[in-house]
$ cat entry.txt   # compact mmCIF, C-alpha atoms
# COMPACT_ATOMS: atom_id res chain seq x y z
CA MET X 1 -108.95 74.34 13.14
CA ASP X 2 -109.64 77.94 13.95
CA ILE X 3 -111.96 79.46 11.38
CA GLY X 4 -113.45 82.15 13.58
CA GLU X 5 -116.95 82.79 14.74
CA PRO X 6 -120.02 81.67 12.74
CA LYS X 7 -121.78 84.30 10.66
CA ARG X 8 -124.67 82.45 9.03
CA THR X 9 -125.87 79.04 7.87
CA TYR X 10 -126.87 78.31 4.31
CA THR X 11 -127.78 75.26 2.23
CA VAL X 12 -126.14 73.99 -0.94
CA GLU X 13 -127.60 71.40 -3.29
CA PRO X 14 -125.15 71.13 -6.18
CA LEU X 15 -126.67 70.68 -9.61
CA GLU X 16 -123.76 68.40 -10.53
CA ASP X 17 -122.46 65.67 -8.26
CA PRO X 18 -119.18 66.85 -6.68
CA VAL X 19 -118.13 63.21 -6.19
CA PRO X 20 -116.49 61.34 -9.09
CA ARG X 21 -118.35 58.14 -8.37
CA GLU X 22 -117.51 54.80 -9.86
CA ALA X 23 -119.47 54.16 -13.01
CA PRO X 24 -122.02 51.47 -12.22
CA SER X 25 -120.76 48.18 -13.58
CA GLU X 26 -122.88 46.62 -16.26
CA PRO X 27 -125.06 43.82 -14.99
CA PRO X 28 -123.88 40.40 -16.15
CA ALA X 29 -125.63 39.26 -19.29
CA GLU X 30 -128.40 36.83 -18.55
CA PRO X 31 -127.79 33.39 -19.99
CA ARG X 32 -129.73 32.95 -23.17
CA GLU X 33 -132.02 29.99 -23.25
CA ASP X 34 -132.03 27.92 -26.36
CA PRO X 35 -135.42 27.95 -27.99
CA SER X 36 -137.27 24.87 -26.92
CA GLU X 37 -138.16 22.27 -29.44
CA PRO X 38 -141.84 22.27 -30.36
CA ASP X 39 -143.74 19.43 -28.83
CA GLU X 40 -144.68 16.73 -31.18
CA VAL X 41 -148.37 16.59 -31.69
CA GLU X 42 -150.14 13.60 -33.00
CA VAL X 43 -152.42 14.48 -35.76
CA GLY X 44 -155.35 12.14 -36.03
CA MET Q 1 -142.52 70.82 1.68
CA ALA Q 2 -138.75 70.99 1.24
CA SER Q 3 -137.43 74.53 0.88
CA ALA Q 4 -135.23 75.55 -2.05
CA PRO Q 5 -131.47 75.55 -1.43
CA ASP Q 6 -129.64 78.85 -1.13
CA TYR Q 7 -126.96 77.83 -3.64
CA ILE Q 8 -126.52 75.27 -6.40
CA GLU Q 9 -122.70 75.29 -6.53
CA PRO Q 10 -120.61 73.74 -3.75
CA THR Q 11 -118.45 75.98 -1.62
CA VAL Q 12 -114.74 75.47 -2.37
CA ALA Q 13 -112.33 75.71 0.56
CA TRP Q 14 -108.80 74.72 1.54
CA ARG Q 15 -107.83 72.04 3.98
CA THR Q 16 -104.99 69.77 5.04
CA TRP Q 17 -105.21 66.00 5.28
CA LEU Q 18 -103.04 63.31 6.69
CA VAL Q 19 -102.07 60.58 4.23
CA VAL Q 20 -102.20 57.33 6.16
CA GLU Q 21 -101.69 53.65 5.46
CA ALA Q 22 -105.15 52.24 6.18
CA GLU Q 23 -106.17 48.61 5.91
CA GLU Q 24 -107.56 49.13 2.41
CA GLY Q 25 -104.59 51.16 1.15
CA MET Q 26 -103.36 54.74 1.22
CA ARG Q 27 -106.13 57.05 2.34
CA LEU Q 28 -106.79 60.61 3.41
CA SER Q 29 -107.59 61.20 7.05
CA SER Q 30 -108.76 64.29 8.87
CA VAL Q 31 -106.04 65.89 10.98
CA VAL Q 32 -107.81 66.46 14.26
CA TYR Q 33 -110.16 63.47 14.26
CA PRO Q 34 -109.21 59.95 13.11
CA THR Q 35 -111.70 60.00 10.25
CA LEU Q 36 -110.88 58.32 6.94
CA TRP Q 37 -112.17 60.02 3.81
CA PRO Q 38 -113.77 57.35 1.60
CA PRO Q 39 -112.79 57.35 -2.08
CA ARG Q 40 -115.55 58.22 -4.52
CA ARG Q 41 -118.09 58.81 -1.78
CA GLU Q 42 -118.85 61.98 0.16
CA LEU Q 43 -117.81 62.31 3.77
CA GLU Q 44 -120.78 63.04 6.00
CA ALA Q 45 -120.30 65.07 9.16
CA ALA Q 46 -121.36 63.84 12.58
CA CYS Q 47 -121.06 65.75 15.82
CA ARG Q 48 -118.45 64.06 18.02
CA HIS Q 49 -118.94 66.33 20.98
CA ARG Q 50 -120.53 64.87 24.08
CA ARG Q 51 -122.99 66.50 26.45
CA LEU Q 52 -122.23 66.41 30.13
CA SER Q 53 -124.89 64.69 32.18
CA LEU Q 54 -125.69 66.69 35.32
CA ARG Q 55 -126.92 63.61 37.20
CA ARG Q 56 -124.03 61.41 36.12
CA PRO Q 57 -121.13 63.71 35.23
CA TRP Q 58 -118.84 60.80 34.44
CA ARG Q 59 -121.13 59.91 31.57
CA ARG Q 60 -121.19 61.80 28.33
CA ARG Q 61 -124.17 61.65 26.01
CA PRO Q 62 -124.18 62.23 22.28
CA THR Q 63 -125.38 65.64 21.17
CA ASP Q 64 -128.90 65.83 19.85
CA HIS Q 65 -128.22 67.89 16.74
CA GLY Q 66 -127.09 67.25 13.21
CA ALA Q 67 -123.73 68.58 12.04
CA PRO Q 68 -122.91 71.34 11.52
CA GLU Q 69 -124.67 73.42 14.13
CA GLU Q 70 -123.84 77.12 14.53
CA ARG Q 71 -123.64 76.95 18.32
CA CYS Q 72 -121.38 73.88 18.27
CA ARG Q 73 -117.97 73.46 16.65
CA CYS Q 74 -118.91 70.40 14.60
CA GLY Q 75 -118.85 69.88 10.85
CA ILE Q 76 -116.26 69.27 8.16
CA TYR Q 77 -113.88 72.21 8.12
CA GLY Q 78 -112.41 74.21 5.27
CA THR Q 79 -110.55 77.52 5.26
CA VAL Q 80 -110.80 80.55 3.01
CA HIS Q 81 -107.03 80.97 2.69
CA ALA Q 82 -104.54 78.27 1.78
CA GLY Q 83 -102.15 79.60 4.42
CA ASP Q 84 -104.60 78.85 7.22
CA ALA Q 85 -104.87 75.24 6.06
CA ALA Q 86 -101.10 75.02 5.68
CA GLY Q 87 -100.74 75.71 9.40
CA TYR Q 88 -101.91 72.13 9.91
CA PHE Q 89 -98.76 70.80 8.30
CA GLU Q 90 -96.92 71.44 11.49
CA GLY Q 91 -96.47 68.50 13.75
CA HIS Q 92 -97.89 69.98 16.92
CA VAL Q 93 -101.56 70.02 15.99
CA LEU Q 94 -103.75 69.07 18.91
CA VAL Q 95 -105.60 65.88 18.02
CA SER Q 96 -108.76 64.69 19.71
CA GLU Q 97 -107.89 60.99 19.60
CA PRO Q 98 -104.78 59.11 18.54
CA HIS Q 99 -104.79 57.99 14.93
CA ARG Q 100 -104.50 54.26 14.47
CA TRP Q 101 -103.02 54.30 10.99
CA PRO Q 102 -99.35 54.94 10.20
CA LEU Q 103 -98.81 58.51 8.99
CA LEU Q 104 -97.05 58.66 5.63
CA ARG Q 105 -97.30 62.30 4.66
CA ARG Q 106 -99.59 65.26 4.69
CA ALA Q 107 -101.46 66.64 1.72
CA ILE Q 108 -103.11 69.96 1.12
CA GLY Q 109 -105.84 70.77 -1.31
CA ARG Q 110 -109.20 72.19 -2.09
CA VAL Q 111 -112.39 70.64 -0.90
CA PHE Q 112 -116.01 70.82 -2.02
CA LEU Q 113 -118.40 71.57 0.83
CA TRP Q 114 -122.16 71.28 0.52
CA GLY Q 115 -125.36 70.30 2.29
CA SER Q 116 -125.76 72.48 5.34
CA VAL Q 117 -122.88 74.97 5.58
CA VAL Q 118 -121.98 77.25 8.48
CA GLU Q 119 -120.06 80.22 7.17
CA CYS Q 120 -117.51 81.52 9.65
CA GLU Q 121 -115.10 84.47 9.63
CA ASP Q 122 -112.21 82.53 8.06
CA GLY Q 123 -113.78 79.36 6.69
CA TRP Q 124 -116.73 77.02 6.70
CA ARG Q 125 -118.12 73.96 8.48
CA ALA Q 126 -120.26 71.68 6.32
CA SER Q 127 -122.34 68.53 6.50
CA LEU Q 128 -120.92 66.97 3.30
CA ALA Q 129 -117.49 67.15 1.69
CA TYR Q 130 -115.25 65.66 -0.97
CA PRO Q 131 -111.75 66.64 -2.17
CA GLU Q 132 -111.75 68.84 -5.27
CA ARG Q 133 -107.98 68.55 -5.93
CA LEU Q 134 -104.97 67.42 -3.95
CA PHE Q 135 -101.38 68.57 -3.70
CA VAL Q 136 -98.61 66.42 -2.28
CA PRO Q 137 -95.73 68.71 -1.29
CA VAL Q 138 -92.16 67.76 -2.07
CA PRO Q 139 -90.07 69.15 0.78
CA ALA Q 140 -87.12 71.28 -0.26
CA GLU Q 141 -84.56 68.83 1.06
CA GLU Q 142 -85.94 65.97 -1.07
CA ASP Q 143 -84.89 65.25 -4.61
CA GLU Q 144 -88.03 65.64 -6.70
CA LEU Q 145 -87.31 62.57 -8.78
CA ALA Q 146 -86.32 60.37 -5.87
CA SER Q 147 -89.05 61.57 -3.51
CA ASP Q 148 -91.73 59.07 -2.59
CA ALA Q 149 -94.19 61.94 -2.92
CA ARG Q 150 -94.83 60.73 -6.44
CA GLU Q 151 -95.82 57.29 -5.20
CA VAL Q 152 -98.14 58.90 -2.68
CA ALA Q 153 -99.69 61.04 -5.42
CA ASP Q 154 -100.21 57.96 -7.58
CA GLU Q 155 -101.93 56.12 -4.76
CA LEU Q 156 -104.22 59.06 -4.04
CA ALA Q 157 -105.56 58.76 -7.59
CA VAL Q 158 -108.05 56.38 -5.98
CA TYR Q 159 -110.06 59.51 -5.13
CA GLY Q 160 -110.61 60.23 -8.82
CA VAL Q 161 -109.59 63.91 -8.60
CA GLU Q 162 -106.53 65.79 -9.83
CA VAL Q 163 -103.48 65.03 -7.70
CA ALA Q 164 -100.31 67.06 -8.25
CA LEU Q 165 -96.90 67.27 -6.70
CA LEU Q 166 -96.34 70.63 -5.12
CA ARG Q 167 -92.81 71.72 -5.80
CA ARG Q 168 -91.14 74.78 -4.46
CA ARG Q 169 -91.38 76.39 -7.86
CA THR Q 170 -95.13 75.78 -7.94
CA PHE Q 171 -95.51 77.53 -4.62
CA GLU Q 172 -93.58 80.56 -5.70
CA GLU Q 173 -95.32 80.93 -9.03
CA ASN Q 174 -98.86 80.34 -7.89
CA ALA Q 175 -100.70 83.41 -6.69
CA LEU Q 176 -103.18 81.22 -4.79
CA PHE Q 177 -100.57 80.54 -2.15
CA ASP Q 178 -99.76 83.24 0.34
CA ASP Q 179 -96.40 83.78 2.07
CA ARG Q 180 -97.22 81.47 4.95
CA PHE Q 181 -98.04 78.71 2.54
CA ARG Q 182 -94.85 79.27 0.55
CA ALA Q 183 -92.85 79.08 3.75
CA LEU Q 184 -94.01 75.49 4.07
CA LEU Q 185 -91.47 74.05 1.72
CA ARG Q 186 -88.67 76.14 3.10
CA HIS Q 187 -89.19 74.36 6.42
CA GLY Q 188 -90.11 70.98 4.99
CA ALA Q 189 -93.56 69.57 4.62
CA GLY Q 190 -93.14 65.88 5.21
$ encode --input "entry.txt" --output "structure tokens"
Amino acid sequence: MDIGEPKRTYTVEPLEDPVPREAPSEPPAEPREDPSEPDEVEVG
Amino acid sequence: MASAPDYIEPTVAWRTWLVVEAEEGMRLSSVVYPTLWPPRRELEAACRHRRLSLRRPWRRRPTDHGAPEERCRCGIYGTVHAGDAAGYFEGHVLVSEPHRWPLLRRAIGRVFLWGSVVECEDGWRASLAYPERLFVPVPAEEDELASDAREVADELAVYGVEVALLRRRTFEENALFDDRFRALLRHGAG
């Protein structure tokens, strides 16, 4: 592609992302543990 | 310490792409180099030129600079004028390497350029790029409704940017397109 001779170099850091990225998928819900039964304690 | 950037808005340019049937589906490819543009991820430039070795001239070594470099011709290209990009619709563009994916169509559009950008007389070369919007031309001899351009446009939605069919009427009404660009459809753009 012929775009002519270079004139200068500059830097660009866009404030907003120019790429429409995929929204991060939600992490799978962690399995809920049933509350454990309290240990039986012998009372003397 | 990192220096502040010169600009905080990407440069917007014109370019032409090939639409090819890649392994993962319909994709954009650069015209001159067989480079696929990944959907939803920026394309990063790399210098593909090779340095001649004086001791072993049959060997070529990779260049030792990042892309783009002012003294080289590397970087991701974009043009100021749509007509200059439209010139790459013609079939006799010199390619560096054969493309390995079947060519379906060509598309034209605007592209965001950022990172390190070399400004040239009629365009830019950049280190990072992503399509801003895409146009799939419907050649004059094709029936708009029957054309597979619509299917191509639908498939290119994978890039997550606006994709439009470019009809002859659109060309003639849109001031963005110069005479050379309008001439595209008169000669076919498939």
$ closest_residue --input "entry.txt" --among "X:Glu16, X:Glu40, X:Gly4, X:Glu26" --to "chain Q" --atoms "only C-alpha atoms"
X:Gly4
$ closest_residue --input "entry.txt" --among "Q:Leu128, Q:Val163, Q:Leu28, Q:Ile8" --to "chain X" --atoms "only C-alpha atoms"
Q:Ile8
$ interface_residues --input "entry.txt" --of "chain Q" --to "chain X" --cutoff "8 Å" --atoms "only C-alpha atoms" --output "count of residues only"
30
$ atom_distance --input "entry.txt" --atom1 "atom CA of Ile108 of chain Q" --atom2 "atom CA of Cys47 of chain Q"
23.6 Å
$ residues_around --input "entry.txt" --residues "Pro98 of chain Q" --least-positions-apart "5" --cutoff "10 Å" --atoms "only C-alpha atoms" --output "list in words"
Val32, Tyr33 and Pro34 of chain Q
$ atom_distance --input "entry.txt" --atom1 "atom CA of Leu103 of chain Q" --atom2 "atom CA of Ile76 of chain Q"
20.5 Å
$ decode --input "entry.txt" --residues "segment 13-32 of chain X" --atoms "N, CA and C atoms" --output "PDB file, in the first residue's frame"
ATOM      1  N   GLU X  13      -2.533   6.446  23.181  1.00  0.00           N
ATOM      2  CA  GLU X  13      -3.060   5.537  24.215  1.00  0.00           C
ATOM      3  C   GLU X  13      -4.519   5.909  24.424  1.00  0.00           C
ATOM      4  N   PRO X  14      -5.425   5.219  23.730  1.00  0.00           N
ATOM      5  CA  PRO X  14      -6.837   5.606  23.831  1.00  0.00           C
ATOM      6  C   PRO X  14      -7.362   5.513  25.259  1.00  0.00           C
ATOM      7  N   LEU X  15      -8.185   6.483  25.614  1.00  0.00           N
ATOM      8  CA  LEU X  15      -8.816   6.444  26.938  1.00  0.00           C
ATOM      9  C   LEU X  15      -9.813   5.297  27.004  1.00  0.00           C
ATOM     10  N   GLU X  16     -10.527   5.091  25.879  1.00  0.00           N
ATOM     11  CA  GLU X  16     -11.495   3.982  25.823  1.00  0.00           C
ATOM     12  C   GLU X  16     -10.927   2.892  24.931  1.00  0.00           C
ATOM     13  N   ASP X  17     -11.220   1.668  25.278  1.00  0.00           N
ATOM     14  CA  ASP X  17     -10.726   0.526  24.503  1.00  0.00           C
ATOM     15  C   ASP X  17     -11.374   0.519  23.115  1.00  0.00           C
ATOM     16  N   PRO X  18     -10.582   0.565  22.048  1.00  0.00           N
ATOM     17  CA  PRO X  18     -11.171   0.534  20.699  1.00  0.00           C
ATOM     18  C   PRO X  18     -11.698  -0.851  20.321  1.00  0.00           C
ATOM     19  N   VAL X  19     -11.426  -1.852  21.114  1.00  0.00           N
ATOM     20  CA  VAL X  19     -11.810  -3.222  20.776  1.00  0.00           C
ATOM     21  C   VAL X  19     -13.067  -3.611  21.558  1.00  0.00           C
ATOM     22  N   PRO X  20     -14.122  -4.031  20.851  1.00  0.00           N
ATOM     23  CA  PRO X  20     -15.326  -4.497  21.557  1.00  0.00           C
ATOM     24  C   PRO X  20     -15.116  -5.912  22.086  1.00  0.00           C
ATOM     25  N   ARG X  21     -14.449  -5.997  23.189  1.00  0.00           N
ATOM     26  CA  ARG X  21     -14.070  -7.334  23.701  1.00  0.00           C
ATOM     27  C   ARG X  21     -15.281  -8.078  24.239  1.00  0.00           C
ATOM     28  N   GLU X  22     -15.125  -9.383  24.270  1.00  0.00           N
ATOM     29  CA  GLU X  22     -16.163 -10.224  24.863  1.00  0.00           C
ATOM     30  C   GLU X  22     -16.273  -9.883  26.337  1.00  0.00           C
ATOM     31  N   ALA X  23     -17.504  -9.759  26.812  1.00  0.00           N
ATOM     32  CA  ALA X  23     -17.676  -9.554  28.245  1.00  0.00           C
ATOM     33  C   ALA X  23     -17.184 -10.793  28.963  1.00  0.00           C
ATOM     34  N   PRO X  24     -16.402 -10.604  30.032  1.00  0.00           N
ATOM     35  CA  PRO X  24     -15.913 -11.789  30.737  1.00  0.00           C
ATOM     36  C   PRO X  24     -17.080 -12.610  31.257  1.00  0.00           C
ATOM     37  N   SER X  25     -17.025 -13.904  31.015  1.00  0.00           N
ATOM     38  CA  SER X  25     -18.130 -14.751  31.478  1.00  0.00           C
ATOM     39  C   SER X  25     -18.064 -14.870  32.997  1.00  0.00           C
ATOM     40  N   GLU X  26     -19.251 -14.972  33.582  1.00  0.00           N
ATOM     41  CA  GLU X  26     -19.293 -15.050  35.049  1.00  0.00           C
ATOM     42  C   GLU X  26     -18.719 -16.374  35.511  1.00  0.00           C
ATOM     43  N   PRO X  27     -17.919 -16.331  36.539  1.00  0.00           N
ATOM     44  CA  PRO X  27     -17.355 -17.604  37.029  1.00  0.00           C
ATOM     45  C   PRO X  27     -18.465 -18.513  37.526  1.00  0.00           C
ATOM     46  N   PRO X  28     -18.320 -19.812  37.321  1.00  0.00           N
ATOM     47  CA  PRO X  28     -19.377 -20.722  37.785  1.00  0.00           C
ATOM     48  C   PRO X  28     -19.538 -20.630  39.296  1.00  0.00           C
ATOM     49  N   ALA X  29     -20.796 -20.684  39.710  1.00  0.00           N
ATOM     50  CA  ALA X  29     -21.071 -20.574  41.147  1.00  0.00           C
ATOM     51  C   ALA X  29     -20.451 -21.750  41.884  1.00  0.00           C
ATOM     52  N   GLU X  30     -19.806 -21.422  42.982  1.00  0.00           N
ATOM     53  CA  GLU X  30     -19.183 -22.505  43.755  1.00  0.00           C
ATOM     54  C   GLU X  30     -20.268 -23.325  44.450  1.00  0.00           C
ATOM     55  N   PRO X  31     -20.096 -24.641  44.447  1.00  0.00           N
ATOM     56  CA  PRO X  31     -21.118 -25.456  45.115  1.00  0.00           C
ATOM     57  C   PRO X  31     -21.208 -25.103  46.595  1.00  0.00           C
ATOM     58  N   ARG X  32     -22.464 -24.962  47.014  1.00  0.00           N
ATOM     59  CA  ARG X  32     -22.646 -24.592  48.429  1.00  0.00           C
ATOM     60  C   ARG X  32     -22.594 -25.841  49.283  1.00  0.00           C
TER      61      ARG X  32
END
